[in-house]
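Notes follow the structure.
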Amino acid sequence: MRIITVAAAQMGPVAKAENRRQVVERLIAMLETAAGRGAGLVVYPELALTTFFPRWYFESETELDAYYEREMPGPETAPLFEKAKRLGIGISIGYAELTPDGRRFNTSILVGPDGALLGKYRKIHLPGHKENEPWRAFQHLEKRYFLPGNLGFRVFDGFGGRIGMCICNDRRWPETYRVMGLQGVEMVLLGYNTPIHNPPAPEHDRLSWHHNSLVMQAAAYQNATFVVGVAKAGMEEGVHHMGGTQIIAPTGETIASGVTEGDEVIVADCDLDLCASYRQSVFAFERHREPDAYRLITGTKGCVTPEEAVRIDPALGHED
Ligand code: ING
């Protein structure tokens with residue numbers, strides 16, 4: 001048995017006016033709740049320290065810069081990291097990263113129970129759009145405010161197993177998890193800020209919770225891994241974000257769920273050895289995968305005609 005008692009620390013809304021100190025107080029309160037429940041790892045949402053600012057178009061870079069962290073931990077976030085280290089609890093937390101040379105990423109980090117940085121991830125699948133689109137009830141300017149992540153989908157040794165991270169929209173793309181699955185990931189930690197309303201496709205709104213569970217449950221099963229999905233939820237500056245925080249086993253079953261749209265800690269004992277049952281049978285990659293049949297997946301970004309497809313992958317041209 002290799003048990004990780006993991007806590008998903010869902011956040012309710014973070015107001016524009018809420019400062020880092022006030023948010024960190026909320027995060028510490030949830031850390032203490034999780035500690036009381038025996039957690040060894042606490043997972044916070046995407047962009048946990050601020051309101052989801054990509055919903056607005058900023059003319060001024062100075063105004064935009066206020067939402068980013070230049071160092072993590074920094075003076076305002078250090079109390080959280082110090083408390084976690086004192087409690088001997090690891091954390092994963094998402095934040096907006098501004099590098100010393102001015103690059104902007106939507107980032108998450110994994111910190112061990114001793115306070116050591118175990119890994120960093122920068123969001124690769126950036127949803128939304130780059131230019132201001134006033135027709136929308138609210139913007140989704142992640143393609144404007146962040147660069148695509150440049151660290152890849154990596155898996156880190158920690159907590160007695162192999163831990164991976166991704167962020168929000170990444171969870172909707174099967175490639176995200178398969179790259180980590182091919183590194184033997186046993187638990188994927190991900191945070192999200194998901195508006196229920198998607199302006200370009202309002203017909204999807206009613207399915208927000210279904211799609212949220214669908215993609216993470218499928219990924220857990222298909223890659224023989226636990227998945228911990230953690231929302232920043234509730235009515236945040238006039239935009240309703242879904243909850244749906246949950247911890248999912250390699251069986252594809254949700255074993256713990258949030259039930260509110262506020263700050264809420266859910267905890268589950270996750271035995272990483274459960275992954276083996278799938279990793280050594282139905283998803284024994286080394287026995288069952290056929291990479292020669294998958295060339296199109298990395299050979300093109302968008303959809304191509306069947307004729308173009310054959311040029312990318314000649315195997316598609318075989319007649320017999
Ligand atoms: N948010 C959303 C997500 O992928 C979105 C974007 C909303 C996509 C609604 C589809 C439908 O959950 C972020 N931050 O990626």
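Going through the structure tokens in order, the chains are called A, B, and so on, while each chain numbers its residues from 1 and the ligands are numbered from 1 in the order shown.
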**OP:** Counting only C-alpha atoms and all ligand atoms, name the residues that have an atom within 10 Å of an atom of ligand 1; the answer should be given as an MDAnalysis selection string.
**Re:** chainID A and resid 46:47 52 54:55 106 123 125:128 140:142 167:173 191:202 204:205 207:208 211:212 231:232 241:242
Original post:
Got a sec: who's within 7 Å of region 107-113 of chain A, counting only C-alpha atoms, leaving out chain neighbours fewer than 3 positions off, as JSON, numbers by chain?
Top reply: {"A": [85, 88, 89, 90, 91, 92, 93, 94, 95, 96, 97, 116, 117, 118, 119, 120, 121, 122, 123]}
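Proximity to Ala48 (chain A) was assessed for A:Tyr177, A:Val6, A:Asp263, A:Ala249 counting only C-alpha atoms; the smallest distance is recorded for A:Asp263.
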Original post:
With distances taken over only C-alpha atoms, which of A:Val239, A:Leu147, A:Val227, A:Ala309 is nearest to Arg103 (chain A)?
Top reply: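 Between A:Val239, A:Leu147, A:Val227, A:Ala309, the residue approaching Arg103 (chain A) most closely is A:Leu147.
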Original post:
Would you give me, as a PyMOL selection string, the residues in region 33-281 of chain A that DSSP reads as alpha helix (DSSP H)?
Top reply: chain A and resi 33-36+61-65+78-87+142-145+174-181+208-222+275-279
List as a PDB file with all heavy atoms, in the first residue's frame the protein and nucleic acid residues near Ser213 (chain A), meaning an atom at most 10 Å away when only C-alpha atoms are counted, but skip any in the same chain fewer than 4 places from it.
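What ended up in selection.pdb:
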ATOM      1  N   SER A 208     -21.694  21.601 -18.430  1.00  0.00           N
ATOM      2  CA  SER A 208     -20.399  21.931 -17.796  1.00  0.00           C
ATOM      3  C   SER A 208     -19.945  20.855 -16.817  1.00  0.00           C
ATOM      4  O   SER A 208     -18.792  20.410 -16.845  1.00  0.00           O
ATOM      5  CB  SER A 208     -20.493  23.282 -17.076  1.00  0.00           C
ATOM      6  OG  SER A 208     -20.764  24.313 -18.004  1.00  0.00           O
ATOM      7  N   TRP A 209     -20.866  20.409 -15.964  1.00  0.00           N
ATOM      8  CA  TRP A 209     -20.488  19.429 -14.936  1.00  0.00           C
ATOM      9  C   TRP A 209     -20.231  18.063 -15.578  1.00  0.00           C
ATOM     10  O   TRP A 209     -19.300  17.364 -15.203  1.00  0.00           O
ATOM     11  CB  TRP A 209     -21.586  19.327 -13.867  1.00  0.00           C
ATOM     12  CG  TRP A 209     -21.602  20.523 -12.984  1.00  0.00           C
ATOM     13  CD1 TRP A 209     -20.975  20.692 -11.779  1.00  0.00           C
ATOM     14  CD2 TRP A 209     -22.253  21.778 -13.268  1.00  0.00           C
ATOM     15  NE1 TRP A 209     -21.201  21.954 -11.279  1.00  0.00           N
ATOM     16  CE2 TRP A 209     -21.981  22.647 -12.186  1.00  0.00           C
ATOM     17  CE3 TRP A 209     -23.033  22.253 -14.340  1.00  0.00           C
ATOM     18  CZ2 TRP A 209     -22.459  23.939 -12.116  1.00  0.00           C
ATOM     19  CZ3 TRP A 209     -23.518  23.553 -14.256  1.00  0.00           C
ATOM     20  CH2 TRP A 209     -23.235  24.374 -13.176  1.00  0.00           C
ATOM     21  N   GLN A 217     -12.500  11.684 -15.479  1.00  0.00           N
ATOM     22  CA  GLN A 217     -12.725  10.259 -15.194  1.00  0.00           C
ATOM     23  C   GLN A 217     -12.148   9.386 -16.310  1.00  0.00           C
ATOM     24  O   GLN A 217     -11.476   8.381 -16.041  1.00  0.00           O
ATOM     25  CB  GLN A 217     -14.222   9.993 -15.015  1.00  0.00           C
ATOM     26  CG  GLN A 217     -14.787  10.583 -13.725  1.00  0.00           C
ATOM     27  CD  GLN A 217     -16.302  10.459 -13.639  1.00  0.00           C
ATOM     28  OE1 GLN A 217     -16.992  10.319 -14.668  1.00  0.00           O
ATOM     29  NE2 GLN A 217     -16.843  10.538 -12.440  1.00  0.00           N
ATOM     30  N   ALA A 218     -12.390   9.807 -17.560  1.00  0.00           N
ATOM     31  CA  ALA A 218     -11.852   9.030 -18.689  1.00  0.00           C
ATOM     32  C   ALA A 218     -10.329   8.978 -18.608  1.00  0.00           C
ATOM     33  O   ALA A 218      -9.709   7.920 -18.763  1.00  0.00           O
ATOM     34  CB  ALA A 218     -12.290   9.651 -20.014  1.00  0.00           C
ATOM     35  N   ALA A 219      -9.726  10.122 -18.325  1.00  0.00           N
ATOM     36  CA  ALA A 219      -8.252  10.201 -18.280  1.00  0.00           C
ATOM     37  C   ALA A 219      -7.689   9.310 -17.184  1.00  0.00           C
ATOM     38  O   ALA A 219      -6.670   8.638 -17.371  1.00  0.00           O
ATOM     39  CB  ALA A 219      -7.827  11.643 -18.049  1.00  0.00           C
ATOM     40  N   GLY A 229      -9.031  17.063  -9.277  1.00  0.00           N
ATOM     41  CA  GLY A 229      -9.471  18.281  -9.972  1.00  0.00           C
ATOM     42  C   GLY A 229     -10.059  19.273  -8.975  1.00  0.00           C
ATOM     43  O   GLY A 229     -10.988  18.931  -8.264  1.00  0.00           O
ATOM     44  N   GLY A 244     -17.586  21.341  -8.869  1.00  0.00           N
ATOM     45  CA  GLY A 244     -17.244  20.061  -9.495  1.00  0.00           C
ATOM     46  C   GLY A 244     -15.915  19.499  -9.048  1.00  0.00           C
ATOM     47  O   GLY A 244     -15.358  18.582  -9.649  1.00  0.00           O
ATOM     48  N   THR A 245     -15.380  20.067  -7.950  1.00  0.00           N
ATOM     49  CA  THR A 245     -14.113  19.544  -7.398  1.00  0.00           C
ATOM     50  C   THR A 245     -14.274  18.069  -7.063  1.00  0.00           C
ATOM     51  O   THR A 245     -15.280  17.673  -6.482  1.00  0.00           O
ATOM     52  CB  THR A 245     -13.745  20.344  -6.143  1.00  0.00           C
ATOM     53  OG1 THR A 245     -13.448  21.693  -6.544  1.00  0.00           O
ATOM     54  CG2 THR A 245     -12.540  19.753  -5.428  1.00  0.00           C
ATOM     55  N   GLN A 246     -13.256  17.268  -7.465  1.00  0.00           N
ATOM     56  CA  GLN A 246     -13.395  15.843  -7.181  1.00  0.00           C
ATOM     57  C   GLN A 246     -12.049  15.131  -7.225  1.00  0.00           C
ATOM     58  O   GLN A 246     -11.099  15.631  -7.846  1.00  0.00           O
ATOM     59  CB  GLN A 246     -14.355  15.184  -8.189  1.00  0.00           C
ATOM     60  CG  GLN A 246     -13.997  15.365  -9.644  1.00  0.00           C
ATOM     61  CD  GLN A 246     -15.156  14.994 -10.561  1.00  0.00           C
ATOM     62  OE1 GLN A 246     -15.451  13.799 -10.755  1.00  0.00           O
ATOM     63  NE2 GLN A 246     -15.851  15.995 -11.093  1.00  0.00           N
ATOM     64  N   ILE A 248     -10.516  11.397  -8.203  1.00  0.00           N
ATOM     65  CA  ILE A 248     -10.914  10.271  -9.050  1.00  0.00           C
ATOM     66  C   ILE A 248      -9.858   9.173  -8.973  1.00  0.00           C
ATOM     67  O   ILE A 248      -8.647   9.460  -9.011  1.00  0.00           O
ATOM     68  CB  ILE A 248     -11.077  10.733 -10.510  1.00  0.00           C
ATOM     69  CG1 ILE A 248     -12.155  11.835 -10.601  1.00  0.00           C
ATOM     70  CG2 ILE A 248     -11.434   9.582 -11.437  1.00  0.00           C
ATOM     71  CD1 ILE A 248     -12.110  12.644 -11.879  1.00  0.00           C
ATOM     72  N   GLY A 252     -11.581   5.122 -12.626  1.00  0.00           N
ATOM     73  CA  GLY A 252     -12.424   6.092 -13.334  1.00  0.00           C
ATOM     74  C   GLY A 252     -13.578   6.560 -12.465  1.00  0.00           C
ATOM     75  O   GLY A 252     -14.388   7.399 -12.882  1.00  0.00           O
ATOM     76  N   GLU A 253     -13.646   6.062 -11.233  1.00  0.00           N
ATOM     77  CA  GLU A 253     -14.734   6.444 -10.310  1.00  0.00           C
ATOM     78  C   GLU A 253     -14.324   7.664  -9.482  1.00  0.00           C
ATOM     79  O   GLU A 253     -13.174   7.755  -9.014  1.00  0.00           O
ATOM     80  CB  GLU A 253     -15.019   5.279  -9.345  1.00  0.00           C
ATOM     81  CG  GLU A 253     -15.537   4.034 -10.020  1.00  0.00           C
ATOM     82  CD  GLU A 253     -15.518   2.838  -9.070  1.00  0.00           C
ATOM     83  OE1 GLU A 253     -14.402   2.432  -8.648  1.00  0.00           O
ATOM     84  OE2 GLU A 253     -16.599   2.315  -8.753  1.00  0.00           O
ATOM     85  N   THR A 254     -15.267   8.570  -9.295  1.00  0.00           N
ATOM     86  CA  THR A 254     -15.046   9.703  -8.392  1.00  0.00           C
ATOM     87  C   THR A 254     -15.223   9.212  -6.965  1.00  0.00           C
ATOM     88  O   THR A 254     -16.281   8.661  -6.633  1.00  0.00           O
ATOM     89  CB  THR A 254     -16.030  10.836  -8.718  1.00  0.00           C
ATOM     90  OG1 THR A 254     -15.708  11.357 -10.025  1.00  0.00           O
ATOM     91  CG2 THR A 254     -15.926  11.951  -7.693  1.00  0.00           C
TER      92      THR A 254
END
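Here CA of Thr176 (chain A) is placed at a distance of 25.6 Å from CA of Arg311 (chain A).
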Looking only at the backbone, which of the residues in region 164-260 of chain A does DSSP tag as strand (DSSP E or B), as a compact mmCIF listing (two decimals) with all heavy atoms, in the first residue's frame?
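In the end it all went to result.txt:
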# COMPACT_ATOMS: atom_id res chain seq x y z
N GLY A 164 1.99 14.12 -11.40
CA GLY A 164 2.01 15.03 -12.54
C GLY A 164 1.08 16.20 -12.28
O GLY A 164 0.25 16.16 -11.37
N MET A 165 1.24 17.26 -13.09
CA MET A 165 0.36 18.42 -12.99
C MET A 165 -0.11 18.85 -14.36
O MET A 165 0.61 18.68 -15.35
CB MET A 165 1.10 19.61 -12.35
CG MET A 165 1.39 19.47 -10.89
SD MET A 165 2.22 20.93 -10.23
CE MET A 165 3.90 20.62 -10.78
N CYS A 166 -1.30 19.40 -14.42
CA CYS A 166 -1.73 20.13 -15.60
C CYS A 166 -2.67 21.22 -15.08
O CYS A 166 -2.86 21.34 -13.85
CB CYS A 166 -2.37 19.22 -16.64
SG CYS A 166 -3.93 18.47 -16.20
N ILE A 167 -3.21 22.04 -15.98
CA ILE A 167 -4.01 23.18 -15.52
C ILE A 167 -5.24 23.35 -16.40
O ILE A 167 -5.12 23.48 -17.61
CB ILE A 167 -3.19 24.50 -15.53
CG1 ILE A 167 -1.98 24.40 -14.59
CG2 ILE A 167 -4.07 25.70 -15.16
CD1 ILE A 167 -1.06 25.61 -14.61
N MET A 187 -0.68 10.02 -10.05
CA MET A 187 -1.65 11.00 -9.55
C MET A 187 -1.40 12.30 -10.31
O MET A 187 -0.28 12.81 -10.30
CB MET A 187 -1.50 11.24 -8.04
CG MET A 187 -2.53 12.21 -7.49
SD MET A 187 -2.43 12.40 -5.68
CE MET A 187 -3.35 10.95 -5.16
N VAL A 188 -2.47 12.79 -10.98
CA VAL A 188 -2.40 14.07 -11.72
C VAL A 188 -3.15 15.11 -10.90
O VAL A 188 -4.31 14.90 -10.53
CB VAL A 188 -3.03 13.94 -13.12
CG1 VAL A 188 -3.05 15.30 -13.83
CG2 VAL A 188 -2.27 12.92 -13.96
N LEU A 189 -2.46 16.22 -10.61
CA LEU A 189 -3.05 17.31 -9.83
C LEU A 189 -3.40 18.44 -10.78
O LEU A 189 -2.54 18.87 -11.56
CB LEU A 189 -2.05 17.81 -8.78
CG LEU A 189 -1.29 16.75 -7.97
CD1 LEU A 189 -0.30 17.42 -7.03
CD2 LEU A 189 -2.27 15.85 -7.21
N LEU A 190 -4.64 18.91 -10.74
CA LEU A 190 -5.00 20.01 -11.65
C LEU A 190 -6.01 20.94 -10.98
O LEU A 190 -6.91 20.51 -10.26
CB LEU A 190 -5.54 19.47 -12.97
CG LEU A 190 -6.85 18.73 -12.99
CD1 LEU A 190 -8.00 19.69 -13.27
CD2 LEU A 190 -6.84 17.62 -14.06
N GLY A 191 -5.82 22.23 -11.21
CA GLY A 191 -6.79 23.23 -10.75
C GLY A 191 -7.47 23.85 -11.95
O GLY A 191 -6.94 23.81 -13.06
N TYR A 192 -8.64 24.44 -11.71
CA TYR A 192 -9.36 25.07 -12.84
C TYR A 192 -10.23 26.23 -12.37
O TYR A 192 -10.66 26.28 -11.23
CB TYR A 192 -10.18 24.05 -13.63
CG TYR A 192 -11.20 23.25 -12.86
CD1 TYR A 192 -12.50 23.72 -12.69
CD2 TYR A 192 -10.88 22.01 -12.34
CE1 TYR A 192 -13.46 22.97 -12.00
CE2 TYR A 192 -11.83 21.25 -11.65
CZ TYR A 192 -13.12 21.73 -11.48
OH TYR A 192 -14.05 20.98 -10.81
N PRO A 195 -15.76 29.09 -16.17
CA PRO A 195 -17.07 29.74 -16.25
C PRO A 195 -18.10 28.76 -16.77
O PRO A 195 -17.81 27.98 -17.69
CB PRO A 195 -16.84 30.87 -17.26
CG PRO A 195 -15.35 31.05 -17.34
CD PRO A 195 -14.76 29.71 -17.04
N PHE A 226 -4.66 8.31 -10.55
CA PHE A 226 -5.60 9.16 -9.82
C PHE A 226 -5.60 10.54 -10.48
O PHE A 226 -4.59 10.97 -11.06
CB PHE A 226 -5.17 9.31 -8.35
CG PHE A 226 -5.43 8.09 -7.50
CD1 PHE A 226 -4.48 7.07 -7.41
CD2 PHE A 226 -6.62 7.95 -6.79
CE1 PHE A 226 -4.71 5.93 -6.64
CE2 PHE A 226 -6.86 6.82 -6.00
CZ PHE A 226 -5.91 5.81 -5.94
N VAL A 227 -6.71 11.23 -10.42
CA VAL A 227 -6.80 12.62 -10.88
C VAL A 227 -7.49 13.44 -9.79
O VAL A 227 -8.52 13.03 -9.26
CB VAL A 227 -7.60 12.73 -12.21
CG1 VAL A 227 -7.80 14.20 -12.60
CG2 VAL A 227 -6.87 11.99 -13.34
N VAL A 228 -6.86 14.55 -9.43
CA VAL A 228 -7.42 15.46 -8.42
C VAL A 228 -7.75 16.77 -9.11
O VAL A 228 -6.84 17.49 -9.56
CB VAL A 228 -6.42 15.70 -7.27
CG1 VAL A 228 -7.04 16.60 -6.20
CG2 VAL A 228 -5.98 14.37 -6.66
N GLY A 229 -9.03 17.06 -9.28
CA GLY A 229 -9.47 18.28 -9.97
C GLY A 229 -10.06 19.27 -8.98
O GLY A 229 -10.99 18.93 -8.26
N VAL A 230 -9.50 20.49 -8.94
CA VAL A 230 -9.86 21.45 -7.87
C VAL A 230 -10.31 22.78 -8.47
O VAL A 230 -9.55 23.40 -9.22
CB VAL A 230 -8.66 21.69 -6.94
CG1 VAL A 230 -9.09 22.49 -5.71
CG2 VAL A 230 -8.02 20.37 -6.51
N ALA A 231 -11.51 23.19 -8.15
CA ALA A 231 -12.11 24.40 -8.75
C ALA A 231 -11.81 25.64 -7.92
O ALA A 231 -11.65 25.57 -6.70
CB ALA A 231 -13.62 24.23 -8.85
N LYS A 232 -11.79 26.79 -8.62
CA LYS A 232 -12.06 28.06 -7.97
C LYS A 232 -13.48 28.34 -8.43
O LYS A 232 -13.71 28.50 -9.64
CB LYS A 232 -11.09 29.14 -8.40
CG LYS A 232 -11.49 30.56 -8.01
CD LYS A 232 -10.42 31.29 -7.27
CE LYS A 232 -9.29 31.74 -8.18
NZ LYS A 232 -9.71 32.65 -9.26
N GLY A 234 -17.91 29.53 -7.85
CA GLY A 234 -18.82 30.55 -7.35
C GLY A 234 -18.89 31.79 -8.24
O GLY A 234 -18.23 31.87 -9.28
N MET A 235 -19.73 32.74 -7.81
CA MET A 235 -19.93 33.97 -8.58
C MET A 235 -18.76 34.90 -8.31
O MET A 235 -18.67 35.47 -7.22
CB MET A 235 -21.27 34.61 -8.17
CG MET A 235 -21.66 35.80 -9.02
SD MET A 235 -21.86 35.38 -10.76
CE MET A 235 -23.44 34.53 -10.70
N GLU A 236 -17.85 35.02 -9.26
CA GLU A 236 -16.63 35.78 -9.08
C GLU A 236 -16.68 37.00 -10.00
O GLU A 236 -16.69 36.85 -11.24
CB GLU A 236 -15.40 34.94 -9.37
CG GLU A 236 -14.09 35.61 -8.97
CD GLU A 236 -12.87 34.75 -9.20
OE1 GLU A 236 -12.42 34.71 -10.36
OE2 GLU A 236 -12.38 34.12 -8.24
N VAL A 239 -19.13 36.68 -12.81
CA VAL A 239 -19.06 35.49 -13.68
C VAL A 239 -19.18 34.24 -12.81
O VAL A 239 -18.46 34.08 -11.83
CB VAL A 239 -17.74 35.46 -14.48
CG1 VAL A 239 -17.66 34.18 -15.33
CG2 VAL A 239 -17.62 36.69 -15.37
N HIS A 240 -20.12 33.37 -13.18
CA HIS A 240 -20.38 32.18 -12.38
C HIS A 240 -19.43 31.06 -12.81
O HIS A 240 -19.49 30.60 -13.95
CB HIS A 240 -21.84 31.74 -12.57
CG HIS A 240 -22.28 30.70 -11.58
ND1 HIS A 240 -23.57 30.23 -11.53
CD2 HIS A 240 -21.60 30.06 -10.60
CE1 HIS A 240 -23.65 29.33 -10.55
NE2 HIS A 240 -22.46 29.22 -9.97
N HIS A 241 -18.57 30.66 -11.88
CA HIS A 241 -17.62 29.55 -12.13
C HIS A 241 -18.18 28.28 -11.50
O HIS A 241 -18.72 28.31 -10.38
CB HIS A 241 -16.26 29.87 -11.50
CG HIS A 241 -15.46 30.87 -12.29
ND1 HIS A 241 -14.09 30.89 -12.28
CD2 HIS A 241 -15.83 31.87 -13.11
CE1 HIS A 241 -13.65 31.87 -13.06
NE2 HIS A 241 -14.68 32.49 -13.58
N GLN A 246 -13.26 17.27 -7.46
CA GLN A 246 -13.39 15.84 -7.18
C GLN A 246 -12.05 15.13 -7.23
O GLN A 246 -11.10 15.63 -7.85
CB GLN A 246 -14.35 15.18 -8.19
CG GLN A 246 -14.00 15.37 -9.64
CD GLN A 246 -15.16 14.99 -10.56
OE1 GLN A 246 -15.45 13.80 -10.76
NE2 GLN A 246 -15.85 16.00 -11.09
N ILE A 247 -12.02 13.99 -6.53
CA ILE A 247 -10.85 13.11 -6.53
C ILE A 247 -11.27 11.82 -7.20
O ILE A 247 -12.32 11.24 -6.83
CB ILE A 247 -10.35 12.87 -5.09
CG1 ILE A 247 -9.97 14.21 -4.42
CG2 ILE A 247 -9.17 11.89 -5.07
CD1 ILE A 247 -9.71 14.12 -2.93
N ILE A 248 -10.52 11.40 -8.20
CA ILE A 248 -10.91 10.27 -9.05
C ILE A 248 -9.86 9.17 -8.97
O ILE A 248 -8.65 9.46 -9.01
CB ILE A 248 -11.08 10.73 -10.51
CG1 ILE A 248 -12.15 11.84 -10.60
CG2 ILE A 248 -11.43 9.58 -11.44
CD1 ILE A 248 -12.11 12.64 -11.88
N THR A 254 -15.27 8.57 -9.30
CA THR A 254 -15.05 9.70 -8.39
C THR A 254 -15.22 9.21 -6.96
O THR A 254 -16.28 8.66 -6.63
CB THR A 254 -16.03 10.84 -8.72
OG1 THR A 254 -15.71 11.36 -10.02
CG2 THR A 254 -15.93 11.95 -7.69
N ILE A 255 -14.19 9.36 -6.14
CA ILE A 255 -14.24 8.81 -4.76
C ILE A 255 -14.47 9.91 -3.73
O ILE A 255 -14.70 9.62 -2.56
CB ILE A 255 -12.95 8.02 -4.44
CG1 ILE A 255 -11.69 8.86 -4.64
CG2 ILE A 255 -12.88 6.77 -5.30
CD1 ILE A 255 -10.41 8.13 -4.25
N ALA A 256 -14.40 11.18 -4.12
CA ALA A 256 -14.74 12.27 -3.20
C ALA A 256 -15.15 13.47 -4.05
O ALA A 256 -14.52 13.74 -5.08
CB ALA A 256 -13.55 12.64 -2.32
N SER A 257 -16.22 14.15 -3.64
CA SER A 257 -16.74 15.29 -4.41
C SER A 257 -17.01 16.47 -3.51
O SER A 257 -17.51 16.31 -2.39
CB SER A 257 -18.07 14.92 -5.07
OG SER A 257 -17.87 14.03 -6.12
Original post:
Which neighbours of Glu76 (chain A) fall inside 8 Å, counting only C-alpha atoms, when residues of the same chain fewer than 3 positions from it are skipped, and could you give them as a list in words?
Top reply: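 Listing them by chain and then by number gives Arg20, Arg21, Val24, Pro73 and Pro79 of chain A.
Counting only C-alpha atoms and comparing A:Gly102, A:Gly12, A:Gly115, A:Gly36, the residue that lies closest to Met72 (chain A) is A:Gly115.
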Subject >> Residue nearest Glu261 (chain A) among A:Ala29, A:Met216, A:Ala224, A:Ala9 (counting only C-alpha atoms) >> reply: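 When distances to Glu261 (chain A) are compared using only C-alpha atoms, the smallest one comes from A:Ala9.
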Could you pull the residues within 10 Å of Gly38 (chain A), counting only C-alpha atoms, minus those fewer than 5 positions along the same chain, as a CSV table (one decimal) with C-alpha atoms, in the first residue's frame?
chain,number,residue,atom,x,y,z
A,4,ILE,CA,-1.4,9.5,-0.2
A,5,THR,CA,-4.1,11.2,1.8
A,6,VAL,CA,-4.8,14.0,-0.6
A,7,ALA,CA,-6.9,17.1,0.1
A,32,GLU,CA,-5.2,23.5,8.7
A,33,THR,CA,-8.5,21.8,8.0
A,89,ILE,CA,2.3,18.8,4.3
A,267,VAL,CA,-10.1,14.4,1.4
A,268,ALA,CA,-9.4,10.9,0.1
A,269,ASP,CA,-7.0,8.1,1.0
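The closest residue to Phe153 (chain A), picked from A:Glu175, A:Asp101, A:Glu133, A:Glu25 and counting only C-alpha atoms, is A:Glu175.
The closest residue to Glu61 (chain A), picked from A:Arg104, A:Arg26, A:Arg2, A:Arg295 and counting only C-alpha atoms, is A:Arg104.
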Original post:
What is the distance between CA of Tyr145 (chain A) and CA of Glu237 (chain A), in Å to one decimal?
Top reply: 18.6 Å
Subject >> Shell around Ser277 (chain A) at 12 Å using only C-alpha atoms, local window under 3 positions removed, as a PyMOL selection string >> reply: chain A and resi 186+221+223-225+249-251+271-274+280-284
Residues of the last selection are to be written out with N, CA, C and O atoms, as a short mmCIF file (atom, residue, chain, number, x, y, z; two decimals), in the first residue's frame.
data_model
loop_
_atom_site.label_atom_id
_atom_site.label_comp_id
_atom_site.auth_asym_id
_atom_site.auth_seq_id
_atom_site.Cartn_x
_atom_site.Cartn_y
_atom_site.Cartn_z
N GLU A 186 1.01 8.46 -11.47
CA GLU A 186 0.05 7.77 -10.61
C GLU A 186 -0.98 8.72 -9.98
O GLU A 186 -2.00 8.27 -9.45
N TYR A 221 -8.98 6.60 -15.88
CA TYR A 221 -9.10 5.18 -16.28
C TYR A 221 -8.11 4.85 -17.39
O TYR A 221 -7.35 3.88 -17.31
N ASN A 223 -5.37 6.10 -18.26
CA ASN A 223 -3.93 6.23 -17.94
C ASN A 223 -3.59 5.64 -16.59
O ASN A 223 -2.51 5.89 -16.05
N ALA A 224 -4.55 4.88 -16.03
CA ALA A 224 -4.31 4.15 -14.77
C ALA A 224 -3.73 5.07 -13.70
O ALA A 224 -2.68 4.77 -13.10
N THR A 225 -4.40 6.22 -13.50
CA THR A 225 -3.87 7.20 -12.54
C THR A 225 -5.00 7.82 -11.73
O THR A 225 -6.16 7.82 -12.15
N ALA A 249 -10.30 7.92 -8.85
CA ALA A 249 -9.39 6.77 -8.75
C ALA A 249 -9.05 6.25 -10.15
O ALA A 249 -9.75 6.57 -11.12
N PRO A 250 -8.02 5.41 -10.26
CA PRO A 250 -7.67 4.84 -11.57
C PRO A 250 -8.81 3.99 -12.16
O PRO A 250 -8.82 3.71 -13.35
N THR A 251 -9.77 3.64 -11.34
CA THR A 251 -10.96 2.91 -11.84
C THR A 251 -11.82 3.80 -12.73
O THR A 251 -12.72 3.31 -13.42
N ASP A 271 -4.56 4.98 -2.57
CA ASP A 271 -3.50 3.96 -2.58
C ASP A 271 -2.94 3.87 -3.99
O ASP A 271 -3.60 3.32 -4.90
N LEU A 272 -1.76 4.40 -4.20
CA LEU A 272 -1.16 4.45 -5.54
C LEU A 272 -1.01 3.04 -6.14
O LEU A 272 -0.96 2.88 -7.36
N ASP A 273 -0.95 2.03 -5.29
CA ASP A 273 -0.81 0.67 -5.82
C ASP A 273 -2.04 0.23 -6.62
O ASP A 273 -1.99 -0.72 -7.39
N LEU A 274 -3.16 0.97 -6.45
CA LEU A 274 -4.37 0.65 -7.23
C LEU A 274 -4.12 0.86 -8.73
O LEU A 274 -4.79 0.25 -9.57
N GLN A 280 -1.21 -2.88 -15.56
CA GLN A 280 -0.64 -4.19 -15.90
C GLN A 280 -1.61 -5.07 -16.66
O GLN A 280 -1.35 -6.22 -16.95
N SER A 281 -2.77 -4.51 -17.03
CA SER A 281 -3.74 -5.33 -17.78
C SER A 281 -4.26 -4.52 -18.97
O SER A 281 -3.55 -4.30 -19.93
N VAL A 282 -5.43 -3.98 -18.85
CA VAL A 282 -6.08 -3.37 -20.02
C VAL A 282 -5.25 -2.21 -20.58
O VAL A 282 -5.23 -2.00 -21.79
N PHE A 283 -4.49 -1.49 -19.71
CA PHE A 283 -3.67 -0.38 -20.20
C PHE A 283 -2.18 -0.65 -19.98
O PHE A 283 -1.42 0.23 -19.56
N ALA A 284 -1.79 -1.90 -20.29
CA ALA A 284 -0.36 -2.22 -20.29
C ALA A 284 0.19 -1.64 -21.59
O ALA A 284 0.21 -2.30 -22.63
#
